[in-house]
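Visitor: Submitted below is the structure of interest, expressed as structure tokens.
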There are 2 protein chains.
Amino acid sequence: MSPAPDPSLFDKVVNLCKRRGFVFPSAEIYGGFRSTYDYGPVGVLLLRNVKEAWWRSMVQLRHDIVGLDAAILSPPAIWEASGHLQNFTDPLVDCRNCRERFRLDKLDDPGECPNCHAKGSFTEARHFNLMFKTYAGPVEGAGNEVYLRPETAQGMFVNFKNVLETSRKRPPFGIAQIGKSFRNEITPSNFVFRTREFEQMEMEYFVPPDEADKWFDYWCDERMQWYVDLGIPEDQLRLRPHDEEELSHYSSATSDVEFLFPWGWDELEGIANRTDYDLRQHAQASGETLDYFDPALGERYVPYVIEPAAGATRTAMAFLMAAYDEEEVAREGQGQGESRTVLRFHHRIAPYQVAVLPLSKKPELQEPANEVLGLLQPRYTCDYDETQAIGRRYRRQDELGTPWCVTIDFETLDDRAVTVRDRDSMAQDRVPIDGLLDHLEPKLS
Amino acid sequence: MSPAPDPSLFDKVVNLCKRRGFVFPSAEIYGGFRSTYDYGPVGVLLLRNVKEAWWRSMVQLRHDIVGLDAAILSPPAIWEASGHLQNFTDPLVDCRNCRERFRLDKLDDPGECPNCHAKGSFTEARHFNLMFKTYAGPVEGAGNEVYLRPETAQGMFVNFKNVLETSRKRPPFGIAQIGKSFRNEITPSNFVFRTREFEQMEMEYFVPPDEADKWFDYWCDERMQWYVDLGIPEDQLRLRPHDEEELSHYSSATSDVEFLFPWGWDELEGIANRTDYDLRQHAQASGETLDYFDPALGERYVPYVIEPAAGATRTAMAFLMAAYDEEEVAREGQGQGESRTVLRFHHRIAPYQVAVLPLSKKPELQEPANEVLGLLQPRYTCDYDETQAIGRRYRRQDELGTPWCVTIDFETLDDRAVTVRDRDSMAQDRVPIDGLLDHLEPKLS
């Protein structure tokens, strides 16, 4: 049985994000700018870890997928061919009474205006394109428009031939990209879930057309497993196939990886069979040949594309939601009960793998603390914190999700050993400094 | 004595970049889009390594600097306060005869039009702002303008208070950020050196005002050393202080780290004393208090900022230029002379650290090749290539700058050993598979 969503979790996580430096509203000192968010000192580490885990599984640990980093600014020709200029739109209506603008498909009662409650005051729906437009060069006007990409995928299609010619990969092979995309959403919502600027992790896997169904299934399985391996509980994940009418203009089959957010099931990633739509469109529009000659088969074909397209920012949010926990615990070292908040991140996702905590700021603890930092920093991302009572510092690290705390105390000066504390069990081990790397390595690899 | 620039190097490197998949012109199948470039399979790895080396030295190996990842889209209030709306401009003139537009400060003879040679046909100069503008939300017009950031730095200033309150860092401390910035350059030039979209690596180091000069010198030394440590020859680097009239509107002192490009000395990075200009401007414009109370001194002050601001994309280009070499060598295994091109990258900068090359595609070599990949991929970025003569594959890896090639041959089936080839000396060692990690580790760490 699937668990119920927990609506109270949303505010708890958003508050923790602000309080601990995961996410800040952009331009907050100017009253905020609800289109976008800024990732703070621990948020940027979380986001880096999400992206690194994806890149590792997609590119580093395989030899059939190469990377790419295409530009965000791109000329209209690309979006004309891809169909985005024509199809990437929302239907908008204006209220003639209050002059507010709405998405027609999001109005509960299309007869009544949600703002002023006037009836029958809407204009005809117009198609509003979600791409941001700007101008390159000193003249604003026709011929100089450029668009901020609404997806990274087109960069891979437009470079298909370049990659085929330089990388020595042959179908089935993939091109992977991590980068920002931009969509002029009418109603950004749910914290970092739907924002006008966001980060994608997309991979286009080029296959012989008759193998497309097989590879579609393969990538659905692979991608579900990735979230599970990094600590998302299986009962908070599901794979949901799109209905016929829900499919994008380029897709013959799509399944969404959905996570149980506080507001219900919602999309983390879409795995789509994009067919040969994009390569054919770009071949036709550009006049270039975008296909592959298979010397073994003696056959030329336009590859089909299986695309797992994940949102890095919303995936980071899902990891935060899934990791969040509150529990009653004995106060460490005192036996008195208290509650603690802890983020039970997988160690590859946690912003810091280790916190180094000298018991006090006294100068004699500096040398062993620096020695420990010097050992750990080349391998792990470490926090260093030397003020406040140690119990409060442990609580802070719990809220950052740091799996291991290493405490240097005055005994360290005698025994050259440190205390290693486990985030989840709060158990403490005394470990010699010289054995610290060997102690931590199996827990953090 | 300083070496002379080598103008022929430019075309050689640009050609290699295209041929081997480092850099492609964006939208090349549509005739190109000279504002931007796309980074191909090895280019994206090079760029990732440059950024990773910077992040490692700035954030991971220190405990006085934290990271940040602020949004690209930003509201006018930020750029009003920072002075960019007013000051971040180029002076442009139009030719009344041919209607072309030019940068006044780049015209050799401001009386003659370079395009049509008409004399005295220029309009008065107008100030053209270099920021890209677009609109957020469904209405284009006043109140909805947003700008693509022209530098990442303002994200750090606007979040100064958030970081101070959540990170427990105290001056002197820094905030580091890697990300894309956008400038509507009239004349993009020199390949990826000056493009409208580029990637920055910026760090704002907040210090007590009376320590600003000391920290300025410290960061000039640190940053010069970073390039040297990663393999740029010292005689191709210099530190050049700005003249009084060259200083930006926010800076009291700036020194550029310059590299000897094929067209002469040019900027990789600027190290600036931005004083308290930015924090004061944002404090005044927003009404927030952006300062620091030092409990030890019992004093409140607005920190000064020392900013090392490097270009990731142009730094990647400098690494390419510095690594490029051609030499006459004996043909490997044959004794006949030939020339080779080799990129002598530092192993942390090279796109691939190791190439795994089974001597042939015969199925019996698959198993040991997969075993070697399985050993190496979790630690190193590896290329895998199983077609063509081994000599041609070595040449390809030389042109990618791969420090080590591991060849699996038919003897491997008997002795469980592989051939490890050194890019620079081309020396070959026979190494047991079980000892491969230990053999490579000291060479690649």
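In the structure tokens, chains take letters A, B, ... by order of appearance, with residues numbered from 1 within each chain and ligands from 1 in the order shown.
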Report as a PyMOL selection string: the residues of region 156-369 of chain A with a DSSP assignment of strand (DSSP E), based on the backbone of this structure.
Guide: chain A and resi 173-182+197-207+237-241+253-261+264-275+292-294+299-301+304-311+324-330+337-343+354-358
Visitor: At a cut-off of 6 Å, list the chain A residues touching chain B, using only C-alpha atoms, as a PyMOL selection string.
Guide: chain A and resi 20-21+29-30+38-41+44+60-61+66-71+134+137+166+186+286+377+381
Visitor: I'd like the neighbourhood of Ala4 (chain A) as a short mmCIF file (atom, residue, chain, number, x, y, z; two decimals) with N, CA, C and O atoms, in the first residue's frame, where a residue qualifies if any of its atoms comes within 12 Å (using only C-alpha atoms), though same-chain residues fewer than 6 positions away should be ignored.
Guide:
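Written output follows (selection_9.cif):
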```
data_model
loop_
_atom_site.label_atom_id
_atom_site.label_comp_id
_atom_site.auth_asym_id
_atom_site.auth_seq_id
_atom_site.Cartn_x
_atom_site.Cartn_y
_atom_site.Cartn_z
N ASP A 235 8.41 3.04 -1.94
CA ASP A 235 6.97 3.32 -1.90
C ASP A 235 6.65 4.81 -2.08
O ASP A 235 5.50 5.20 -2.10
N GLN A 236 7.70 5.65 -2.21
CA GLN A 236 7.47 7.06 -2.53
C GLN A 236 7.77 7.36 -4.00
O GLN A 236 7.85 8.52 -4.41
N PHE A 259 7.32 11.20 -7.75
CA PHE A 259 7.66 11.13 -6.32
C PHE A 259 6.45 11.62 -5.54
O PHE A 259 5.70 12.48 -5.99
N LEU A 260 6.25 11.04 -4.36
CA LEU A 260 5.13 11.45 -3.53
C LEU A 260 5.49 12.72 -2.75
O LEU A 260 6.03 12.67 -1.65
N PHE A 261 5.25 13.87 -3.39
CA PHE A 261 5.50 15.16 -2.75
C PHE A 261 4.41 15.43 -1.71
O PHE A 261 3.38 14.74 -1.70
N PRO A 262 4.60 16.44 -0.85
CA PRO A 262 3.57 16.75 0.14
C PRO A 262 2.22 17.08 -0.49
O PRO A 262 1.18 16.91 0.14
N TRP A 263 2.21 17.55 -1.74
CA TRP A 263 0.94 17.87 -2.40
C TRP A 263 0.44 16.70 -3.27
O TRP A 263 -0.55 16.85 -3.98
N GLY A 264 1.12 15.56 -3.20
CA GLY A 264 0.70 14.40 -3.99
C GLY A 264 1.77 13.96 -4.97
O GLY A 264 2.87 14.49 -4.97
N TRP A 265 1.41 12.97 -5.81
CA TRP A 265 2.37 12.46 -6.80
C TRP A 265 2.67 13.54 -7.82
O TRP A 265 1.75 14.19 -8.34
#
```
Visitor: Do a neighbour search on Pro171 (chain B) at 9 Å with only C-alpha atoms, toss out local chain neighbours closer than 2 positions, and write the hits as a ChimeraX atom specification.
Guide: /B:64,169,173-174,205-208,292,294,303
Visitor: Counting only C-alpha atoms, what is within 6 Å of region 394-408 of chain B, bar same-chain residues fewer than 3 positions away, as number ranges by chain?
Guide: B: 341-345, 350, 352-359, 391, 418-423
Visitor: For Thr313 (chain B), list every protein, DNA or RNA residue within 9 Å, evaluated using only C-alpha atoms, and leave out those in the same chain fewer than 3 positions away; present the list as a list in words.
Guide: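 Residues meeting the cut-off are Leu47, Val50, Val192, Phe193, Phe198, Glu199, Gln200, Ala316, Met317 and Ala318 of chain B.
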Visitor: Just to be explicit: take each residue in the selection above, keep C-alpha atoms, and write the result as a JSON list (two decimals), in the first residue's frame.
Guide:
```
[["chain", "number", "residue", "atom", "x", "y", "z"],
["B", 47, "LEU", "CA", 35.52, 22.38, -18.85],
["B", 50, "VAL", "CA", 38.76, 23.30, -14.98],
["B", 192, "VAL", "CA", 35.69, 30.97, -27.11],
["B", 193, "PHE", "CA", 37.69, 33.87, -25.65],
["B", 198, "PHE", "CA", 30.37, 32.34, -21.00],
["B", 199, "GLU", "CA", 31.09, 30.69, -17.71],
["B", 200, "GLN", "CA", 32.62, 32.44, -14.71],
["B", 316, "ALA", "CA", 39.93, 26.09, -20.66],
["B", 317, "MET", "CA", 41.14, 27.71, -23.89],
["B", 318, "ALA", "CA", 44.41, 28.76, -22.24]]
```
Visitor: Between CA of Arg348 (chain B) and CA of Lys443 (chain B), what is the spacing in Å?
Guide: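 Taking CA of Lys443 (chain B) and CA of Arg348 (chain B), their separation equals 10.5 Å.
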Visitor: Got a sec: who's within 12 Å of Phe410 (chain B), counting only C-alpha atoms, leaving out chain neighbours fewer than 6 positions off, as a list in words?
Guide: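 Here the answer would be Pro358, Leu359, Ser360, Lys361, Lys362, Pro363, Glu364, Leu365, Gln366, Glu367, Pro368, Ala369, Arg416, Ala417, Val418 and Thr419 of chain B.
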Visitor: Using DSSP on the backbone coordinates, identify all residues within region 203-301 of chain A classified as helix (DSSP H, G or I); present the result as a PyMOL selection string.
Guide: chain A and resi 209-229+234-236+244-246+277-286
